[in-house]
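What follows is the content of target_11.cif, which has mmCIF, C-alpha atoms:
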```cif
data_start
#
loop_
_atom_site.group_PDB
_atom_site.id
_atom_site.type_symbol
_atom_site.label_atom_id
_atom_site.label_comp_id
_atom_site.auth_asym_id
_atom_site.auth_seq_id
_atom_site.Cartn_x
_atom_site.Cartn_y
_atom_site.Cartn_z
ATOM 1 C CA MET E 3 120.941 5.667 166.578
ATOM 2 C CA ARG E 4 122.802 7.014 169.606
ATOM 3 C CA ASP E 5 120.035 9.497 170.378
ATOM 4 C CA GLN E 6 117.499 6.639 170.347
ATOM 5 C CA SER E 7 119.583 4.453 172.715
ATOM 6 C CA ILE E 8 119.816 1.651 170.169
ATOM 7 C CA ASP E 9 122.355 -0.981 171.217
ATOM 8 C CA VAL E 10 122.091 -3.284 168.201
ATOM 9 C CA ARG E 11 120.801 -2.421 164.745
ATOM 10 C CA CYS E 12 120.520 -4.783 161.783
ATOM 11 C CA VAL E 13 120.392 -3.351 158.272
ATOM 12 C CA ALA E 14 119.346 -5.251 155.137
ATOM 13 C CA GLU E 15 120.042 -4.135 151.577
ATOM 14 C CA THR E 16 123.066 -2.081 152.535
ATOM 15 C CA TRP E 17 124.388 -2.241 148.981
ATOM 16 C CA PHE E 18 127.865 -2.380 150.551
ATOM 17 C CA THR E 19 130.601 -3.973 148.453
ATOM 18 C CA SER E 20 134.227 -4.708 149.246
ATOM 19 C CA ASP E 21 135.111 -1.498 147.348
ATOM 20 C CA ILE E 22 133.421 0.730 149.954
ATOM 21 C CA ASP E 23 135.791 2.378 152.423
ATOM 22 C CA ASN E 24 135.205 1.506 156.103
ATOM 23 C CA ASN E 25 134.986 5.231 156.916
ATOM 24 C CA PHE E 26 131.788 5.361 154.853
ATOM 25 C CA THR E 27 130.073 2.757 157.068
ATOM 26 C CA TYR E 28 131.385 4.141 160.374
ATOM 27 C CA ILE E 29 128.913 5.516 162.904
ATOM 28 C CA PRO E 30 130.527 7.098 166.000
ATOM 29 C CA GLY E 31 129.935 4.972 169.108
ATOM 30 C CA TYR E 32 129.312 1.778 167.130
ATOM 31 C CA ASN E 33 131.231 -1.152 165.703
ATOM 32 C CA ILE E 34 130.048 -2.957 162.601
ATOM 33 C CA LEU E 35 129.980 -6.446 161.141
ATOM 34 C CA HIS E 36 128.960 -6.690 157.503
ATOM 35 C CA CYS E 37 128.309 -9.238 154.817
ATOM 36 C CA ASP E 38 128.778 -7.330 151.595
ATOM 37 C CA ARG E 39 126.601 -7.655 148.555
ATOM 38 C CA ASN E 40 127.885 -10.443 146.393
ATOM 39 C CA SER E 41 127.557 -9.317 142.778
ATOM 40 C CA SER E 42 127.853 -12.896 141.545
ATOM 41 C CA ASN E 43 124.651 -13.883 143.368
ATOM 42 C CA SER E 44 122.678 -10.643 143.281
ATOM 43 C CA MET E 45 120.190 -10.516 140.442
ATOM 44 C CA LYS E 46 120.467 -6.725 140.360
ATOM 45 C CA LYS E 47 123.712 -4.874 140.818
ATOM 46 C CA THR E 48 122.301 -2.701 143.606
ATOM 47 C CA ASP E 49 120.538 -5.240 145.833
ATOM 48 C CA GLY E 50 121.787 -7.120 148.843
ATOM 49 C CA GLY E 51 124.212 -6.910 151.688
ATOM 50 C CA VAL E 52 123.537 -6.913 155.416
ATOM 51 C CA CYS E 53 125.257 -5.432 158.436
ATOM 52 C CA ILE E 54 124.880 -5.326 162.186
ATOM 53 C CA TYR E 55 125.917 -2.296 164.241
ATOM 54 C CA PHE E 56 126.802 -2.926 167.885
ATOM 55 C CA ARG E 57 127.162 -0.145 170.432
ATOM 56 C CA GLU E 58 130.869 0.048 171.243
ATOM 57 C CA HIS E 59 130.509 -1.224 174.831
ATOM 58 C CA LEU E 60 129.079 -4.580 173.676
ATOM 59 C CA ASP E 61 131.274 -7.656 173.258
ATOM 60 C CA PHE E 62 130.508 -9.390 169.958
ATOM 61 C CA VAL E 63 131.992 -11.804 167.438
ATOM 62 C CA GLN E 64 131.038 -12.934 163.977
ATOM 63 C CA LEU E 65 130.103 -16.614 163.934
ATOM 64 C CA SER E 66 131.290 -19.030 161.285
ATOM 65 C CA ILE E 67 128.088 -20.687 160.181
ATOM 66 C CA VAL E 68 127.848 -22.260 156.728
ATOM 67 C CA ASP E 69 128.268 -19.641 153.989
ATOM 68 C CA SER E 70 125.878 -19.429 151.087
ATOM 69 C CA GLU E 71 126.121 -18.383 147.497
ATOM 70 C CA TYR E 72 122.360 -17.787 147.308
ATOM 71 C CA TYR E 73 121.782 -14.963 149.811
ATOM 72 C CA GLU E 74 123.594 -12.792 152.316
ATOM 73 C CA ILE E 75 123.324 -13.880 155.922
ATOM 74 C CA LEU E 76 125.404 -12.699 158.874
ATOM 75 C CA TRP E 77 125.561 -14.668 162.133
ATOM 76 C CA SER E 78 126.915 -13.001 165.275
ATOM 77 C CA HIS E 79 127.069 -13.524 169.007
ATOM 78 C CA CYS E 80 127.062 -10.766 171.599
ATOM 79 C CA ILE E 81 126.799 -10.304 175.316
ATOM 80 C CA TRP E 82 124.162 -7.724 176.136
ATOM 81 C CA ASP E 83 123.081 -6.937 179.708
ATOM 82 C CA ASN E 84 124.962 -10.051 180.895
ATOM 83 C CA MET E 85 122.898 -12.259 178.550
ATOM 84 C CA ASN E 86 124.062 -14.245 175.510
ATOM 85 C CA TYR E 87 122.437 -13.301 172.222
ATOM 86 C CA THR E 88 122.784 -14.551 168.702
ATOM 87 C CA VAL E 89 121.927 -11.831 166.210
ATOM 88 C CA VAL E 90 121.320 -12.884 162.611
ATOM 89 C CA ALA E 91 120.789 -10.517 159.666
ATOM 90 C CA VAL E 92 119.387 -11.837 156.361
ATOM 91 C CA TYR E 93 118.838 -10.597 152.837
ATOM 92 C CA ILE E 94 117.220 -12.946 150.344
ATOM 93 C CA LEU E 95 116.625 -12.369 146.669
ATOM 94 C CA LEU E 96 113.158 -12.287 145.177
ATOM 95 C CA ASP E 97 113.978 -15.496 143.286
ATOM 96 C CA VAL E 98 111.809 -18.137 144.992
ATOM 97 C CA SER E 99 114.032 -20.971 143.745
ATOM 98 C CA TYR E 100 116.421 -20.120 146.607
ATOM 99 C CA TYR E 101 113.830 -20.243 149.394
ATOM 100 C CA ASN E 102 114.254 -23.914 150.311
ATOM 101 C CA LYS E 103 118.008 -23.410 150.516
ATOM 102 C CA LEU E 104 117.495 -20.448 152.850
ATOM 103 C CA ALA E 105 115.199 -22.429 155.147
ATOM 104 C CA GLU E 106 117.690 -25.303 155.241
ATOM 105 C CA HIS E 107 120.548 -22.902 155.948
ATOM 106 C CA ILE E 108 118.768 -21.134 158.808
ATOM 107 C CA ILE E 109 117.631 -24.409 160.374
ATOM 108 C CA GLU E 110 121.174 -25.830 160.078
ATOM 109 C CA GLY E 111 122.521 -22.628 161.633
ATOM 110 C CA PHE E 112 120.082 -22.870 164.531
ATOM 111 C CA GLN E 113 121.098 -26.493 165.105
ATOM 112 C CA THR E 114 124.733 -25.404 165.294
ATOM 113 C CA LEU E 115 123.867 -22.535 167.641
ATOM 114 C CA ARG E 116 121.938 -24.793 170.001
ATOM 115 C CA GLU E 117 124.969 -27.070 170.219
ATOM 116 C CA GLN E 118 127.473 -24.237 170.748
ATOM 117 C CA CYS E 119 125.479 -21.915 172.997
ATOM 118 C CA PRO E 120 122.140 -23.419 174.059
ATOM 119 C CA GLU E 121 121.322 -20.600 176.506
ATOM 120 C CA ALA E 122 121.625 -17.825 173.894
ATOM 121 C CA LYS E 123 118.534 -15.846 172.989
ATOM 122 C CA VAL E 124 118.118 -15.366 169.243
ATOM 123 C CA ILE E 125 117.205 -12.312 167.202
ATOM 124 C CA LEU E 126 116.712 -12.927 163.475
ATOM 125 C CA CYS E 127 115.924 -10.024 161.204
ATOM 126 C CA GLY E 128 116.124 -8.921 157.627
ATOM 127 C CA ASP E 129 114.536 -8.601 154.253
ATOM 128 C CA PHE E 130 112.730 -11.874 153.616
ATOM 129 C CA ASN E 131 110.813 -10.670 150.549
ATOM 130 C CA GLN E 132 108.051 -13.231 149.845
ATOM 131 C CA PHE E 133 109.745 -16.076 151.753
ATOM 132 C CA ASP E 134 107.296 -18.100 153.883
ATOM 133 C CA THR E 135 108.900 -17.731 157.308
ATOM 134 C CA SER E 136 106.522 -20.158 159.042
ATOM 135 C CA VAL E 137 108.955 -23.004 158.311
ATOM 136 C CA ILE E 138 111.714 -21.401 160.348
ATOM 137 C CA THR E 139 109.487 -19.965 163.075
ATOM 138 C CA ASN E 140 108.031 -23.394 163.782
ATOM 139 C CA TRP E 141 111.256 -25.369 163.648
ATOM 140 C CA CYS E 142 113.497 -22.778 165.334
ATOM 141 C CA GLU E 143 110.924 -21.834 167.989
ATOM 142 C CA ILE E 144 111.067 -18.111 167.313
ATOM 143 C CA THR E 145 108.245 -15.575 167.192
ATOM 144 C CA GLU E 146 107.747 -12.767 164.719
ATOM 145 C CA LEU E 147 107.800 -9.396 166.453
ATOM 146 C CA THR E 148 106.842 -7.240 163.461
ATOM 147 C CA HIS E 149 103.098 -6.805 163.163
ATOM 148 C CA GLU E 150 102.754 -3.987 160.666
ATOM 149 C CA ASN E 151 103.446 -3.811 156.949
ATOM 150 C CA THR E 152 106.935 -2.604 156.147
ATOM 151 C CA ARG E 153 106.554 -1.871 152.427
ATOM 152 C CA GLY E 154 103.205 -0.892 151.017
ATOM 153 C CA ASN E 155 100.686 -3.643 151.764
ATOM 154 C CA SER E 156 103.388 -6.227 152.515
ATOM 155 C CA ARG E 157 105.472 -7.221 155.502
ATOM 156 C CA LEU E 158 108.829 -8.046 153.866
ATOM 157 C CA ASP E 159 111.198 -6.777 156.552
ATOM 158 C CA LYS E 160 110.781 -8.922 159.644
ATOM 159 C CA ILE E 161 112.184 -9.356 163.131
ATOM 160 C CA PHE E 162 111.977 -12.634 165.058
ATOM 161 C CA SER E 163 113.094 -13.556 168.546
ATOM 162 C CA SER E 164 113.280 -16.570 170.792
ATOM 163 C CA ASP E 165 112.246 -14.232 173.622
ATOM 164 C CA GLU E 166 109.287 -11.923 172.965
ATOM 165 C CA LEU E 167 110.365 -9.682 175.839
ATOM 166 C CA VAL E 168 113.689 -8.723 174.218
ATOM 167 C CA PHE E 169 112.354 -5.450 172.813
ATOM 168 C CA ASP E 170 109.408 -3.742 171.215
ATOM 169 C CA CYS E 171 109.107 -3.230 167.463
#
```

Kindly present the structure from the file in C-alpha cells form.
Amino acid sequence: MRDQSIDVRCVAETWFTSDIDNNFTYIPGYNILHCDRNSSNSMKKTDGGVCIYFREHLDFVQLSIVDSEYYEILWSHCIWDNMNYTVVAVYILLDVSYYNKLAEHIIEGFQTLREQCPEAKVILCGDFNQFDTSVITNWCEITELTHENTRGNSRLDKIFSSDELVFDC
C-alpha cells in the first residue's frame, strides 16, 4: 500500500476476530480501525469483518453510529488534505432477509452524519453481495465509482462517493 501511495484502504471480509493479535493486522505506516467478524451473525465461520487502514499522518476517529447484529459496518471520520471525509466499510451476508435492515441502517447513518458534519464528503465501500444499492445511492446522493465486475460476472465489491472527483477506481 505504501508503494502505491494509498492513504485510505477499506477491506471487506477480513475474517478478523477478537482472538487475532493486533501485530497480525499491523502494516507499517498505517493505523487501523476494524469491525471484527461476529460469529453469532455470520452464516459461515469464515465470512465477514471489515477494516479501514489510514496512513499514519491522517487524523481519524471511529464514529458511533447504530450498531447492527445483521452485518458488519464501520463508520469513521478523517481529515484528508484539509477536507472532512466520512469513510464507511460494509460487509453484508448473502442472506437477502437482512437487506432492508442494511438499507435502513445506512440511511439512518447518513442522516446522523448530515446532522453532525454536513460538509463531509462520503466514501462508502464494501462487499454488498447481491444487495440492490440503488436505494442508498438515490437517498444518500452518492455515486457508484466501480464500473467493472469484481468477482466473475458480478460486481459485488463496490465503492461509492458523494464526490466523484475523490479518486479513480

Within 9 Å of Asn86 (chain E) using all atoms listed in the file, minus same-chain residues under 2 positions, as number ranges by chain: E: 79-84, 88, 119, 121-124

Coordinates-based distance that separates CA of Asn131 (chain E) from CA of Phe162 (chain E) (Å, one decimal): 14.7 Å

Evaluate the PyMOL selection byres ((chain E and resi 133) around 12) and report residues as a ChimeraX atom specification: /E:92-105,128-132,134-139,156-160

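With CA of Tyr28 (chain E) on one side and CA of Ser164 (chain E) on the other, the separation reads 29.4 Å.
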
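Shortest atom-to-atom contact with Arg57 (chain E) among E:Asn24, E:Asn33, E:Thr152, E:Ser78: E:Asn33, counting only C-alpha atoms.
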
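The coordinates place CA of Cys37 (chain E) at 10.5 Å from CA of Val13 (chain E).
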
Cys12 (chain E) surroundings by only C-alpha atoms, 9 Å radius, close-in-sequence under 6 positions cut, as a ChimeraX atom specification: /E:52-56,89-92,127-128

Could you dump the residues just selected with C-alpha atoms as a PDB file, in the frame of the given file?
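Once everything was written out, this is result.pdb:
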```pdb
ATOM      1  CA  VAL E  52     123.537  -6.913 155.416  1.00  0.00           C
ATOM      2  CA  CYS E  53     125.257  -5.432 158.436  1.00  0.00           C
ATOM      3  CA  ILE E  54     124.880  -5.326 162.186  1.00  0.00           C
ATOM      4  CA  TYR E  55     125.917  -2.296 164.241  1.00  0.00           C
ATOM      5  CA  PHE E  56     126.802  -2.926 167.885  1.00  0.00           C
ATOM      6  CA  VAL E  89     121.927 -11.831 166.210  1.00  0.00           C
ATOM      7  CA  VAL E  90     121.320 -12.884 162.611  1.00  0.00           C
ATOM      8  CA  ALA E  91     120.789 -10.517 159.666  1.00  0.00           C
ATOM      9  CA  VAL E  92     119.387 -11.837 156.361  1.00  0.00           C
ATOM     10  CA  CYS E 127     115.924 -10.024 161.204  1.00  0.00           C
ATOM     11  CA  GLY E 128     116.124  -8.921 157.627  1.00  0.00           C
TER      12      GLY E 128
END
```

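Comparing E:Val10, E:Leu147, E:Cys142, E:Ile75 by their smallest distance to His59 (chain E), the closest is E:Val10 (using only C-alpha atoms).
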
Keeping all heavy atoms, write region 48-60 of chain E of the structure just shown out as a compact mmCIF listing (two decimals), in the first residue's frame.
```txt
# COMPACT_ATOMS: atom_id res chain seq x y z
N THR E 48 -16.15 -18.37 8.47
CA THR E 48 -15.00 -17.66 7.91
C THR E 48 -15.36 -16.33 7.26
O THR E 48 -14.49 -15.61 6.85
CB THR E 48 -14.29 -18.53 6.87
OG1 THR E 48 -15.22 -18.87 5.85
CG2 THR E 48 -13.72 -19.78 7.50
N ASP E 49 -16.63 -16.01 7.12
CA ASP E 49 -17.02 -14.79 6.42
C ASP E 49 -16.97 -13.58 7.35
O ASP E 49 -16.95 -13.70 8.56
CB ASP E 49 -18.45 -14.90 5.88
CG ASP E 49 -18.55 -15.83 4.70
OD1 ASP E 49 -17.51 -16.32 4.25
OD2 ASP E 49 -19.68 -16.05 4.24
N GLY E 50 -17.00 -12.41 6.74
CA GLY E 50 -17.26 -11.18 7.48
C GLY E 50 -16.04 -10.43 7.96
O GLY E 50 -14.90 -10.79 7.74
N GLY E 51 -16.35 -9.34 8.63
CA GLY E 51 -15.35 -8.44 9.16
C GLY E 51 -14.95 -7.39 8.15
O GLY E 51 -14.91 -7.65 6.94
N VAL E 52 -14.74 -6.17 8.63
CA VAL E 52 -14.26 -5.08 7.78
C VAL E 52 -13.20 -4.30 8.55
O VAL E 52 -13.17 -4.32 9.78
CB VAL E 52 -15.39 -4.12 7.34
CG1 VAL E 52 -16.37 -4.81 6.42
CG2 VAL E 52 -16.11 -3.52 8.53
N CYS E 53 -12.34 -3.63 7.81
CA CYS E 53 -11.37 -2.74 8.45
C CYS E 53 -11.05 -1.59 7.50
O CYS E 53 -11.32 -1.66 6.30
CB CYS E 53 -10.10 -3.47 8.86
SG CYS E 53 -9.01 -3.94 7.52
N ILE E 54 -10.53 -0.53 8.09
CA ILE E 54 -10.09 0.62 7.32
C ILE E 54 -8.68 0.96 7.79
O ILE E 54 -8.45 1.15 8.99
CB ILE E 54 -11.00 1.85 7.51
CG1 ILE E 54 -12.46 1.49 7.21
CG2 ILE E 54 -10.53 3.01 6.63
CD1 ILE E 54 -13.45 2.59 7.58
N TYR E 55 -7.74 0.99 6.86
CA TYR E 55 -6.37 1.42 7.15
C TYR E 55 -6.24 2.88 6.77
O TYR E 55 -6.65 3.29 5.69
CB TYR E 55 -5.36 0.60 6.33
CG TYR E 55 -5.14 -0.79 6.85
CD1 TYR E 55 -5.83 -1.87 6.32
CD2 TYR E 55 -4.22 -1.02 7.88
CE1 TYR E 55 -5.61 -3.16 6.80
CE2 TYR E 55 -4.00 -2.30 8.36
CZ TYR E 55 -4.70 -3.36 7.82
OH TYR E 55 -4.49 -4.63 8.29
N PHE E 56 -5.66 3.67 7.66
CA PHE E 56 -5.39 5.08 7.42
C PHE E 56 -3.88 5.30 7.48
O PHE E 56 -3.23 4.84 8.42
CB PHE E 56 -6.04 5.96 8.50
CG PHE E 56 -7.53 5.91 8.50
CD1 PHE E 56 -8.21 4.99 9.29
CD2 PHE E 56 -8.27 6.79 7.74
CE1 PHE E 56 -9.59 4.94 9.31
CE2 PHE E 56 -9.65 6.75 7.75
CZ PHE E 56 -10.31 5.83 8.54
N ARG E 57 -3.35 6.01 6.51
CA ARG E 57 -1.93 6.36 6.57
C ARG E 57 -1.70 7.12 7.87
O ARG E 57 -2.55 7.89 8.32
CB ARG E 57 -1.52 7.20 5.37
CG ARG E 57 0.01 7.27 5.22
CD ARG E 57 0.42 8.04 3.97
NE ARG E 57 0.22 7.32 2.73
CZ ARG E 57 1.10 6.46 2.21
NH1 ARG E 57 2.22 6.21 2.83
NH2 ARG E 57 0.85 5.89 1.06
N GLU E 58 -0.57 6.88 8.51
CA GLU E 58 -0.35 7.36 9.88
C GLU E 58 -0.41 8.88 10.04
O GLU E 58 -0.66 9.36 11.14
CB GLU E 58 0.95 6.81 10.44
CG GLU E 58 2.19 7.23 9.67
CD GLU E 58 3.43 6.48 10.14
OE1 GLU E 58 3.35 5.68 11.09
OE2 GLU E 58 4.48 6.71 9.53
N HIS E 59 -0.27 9.66 8.99
CA HIS E 59 -0.34 11.12 9.14
C HIS E 59 -1.78 11.65 9.15
O HIS E 59 -1.99 12.82 9.44
CB HIS E 59 0.46 11.81 8.01
CG HIS E 59 -0.19 11.74 6.67
ND1 HIS E 59 0.00 10.66 5.82
CD2 HIS E 59 -1.05 12.58 6.04
CE1 HIS E 59 -0.70 10.87 4.71
NE2 HIS E 59 -1.34 12.02 4.82
N LEU E 60 -2.76 10.79 8.88
CA LEU E 60 -4.15 11.24 8.84
C LEU E 60 -4.78 11.21 10.23
O LEU E 60 -4.57 10.27 10.99
CB LEU E 60 -4.98 10.35 7.90
CG LEU E 60 -4.60 10.39 6.43
CD1 LEU E 60 -5.41 9.36 5.65
CD2 LEU E 60 -4.79 11.78 5.86
```
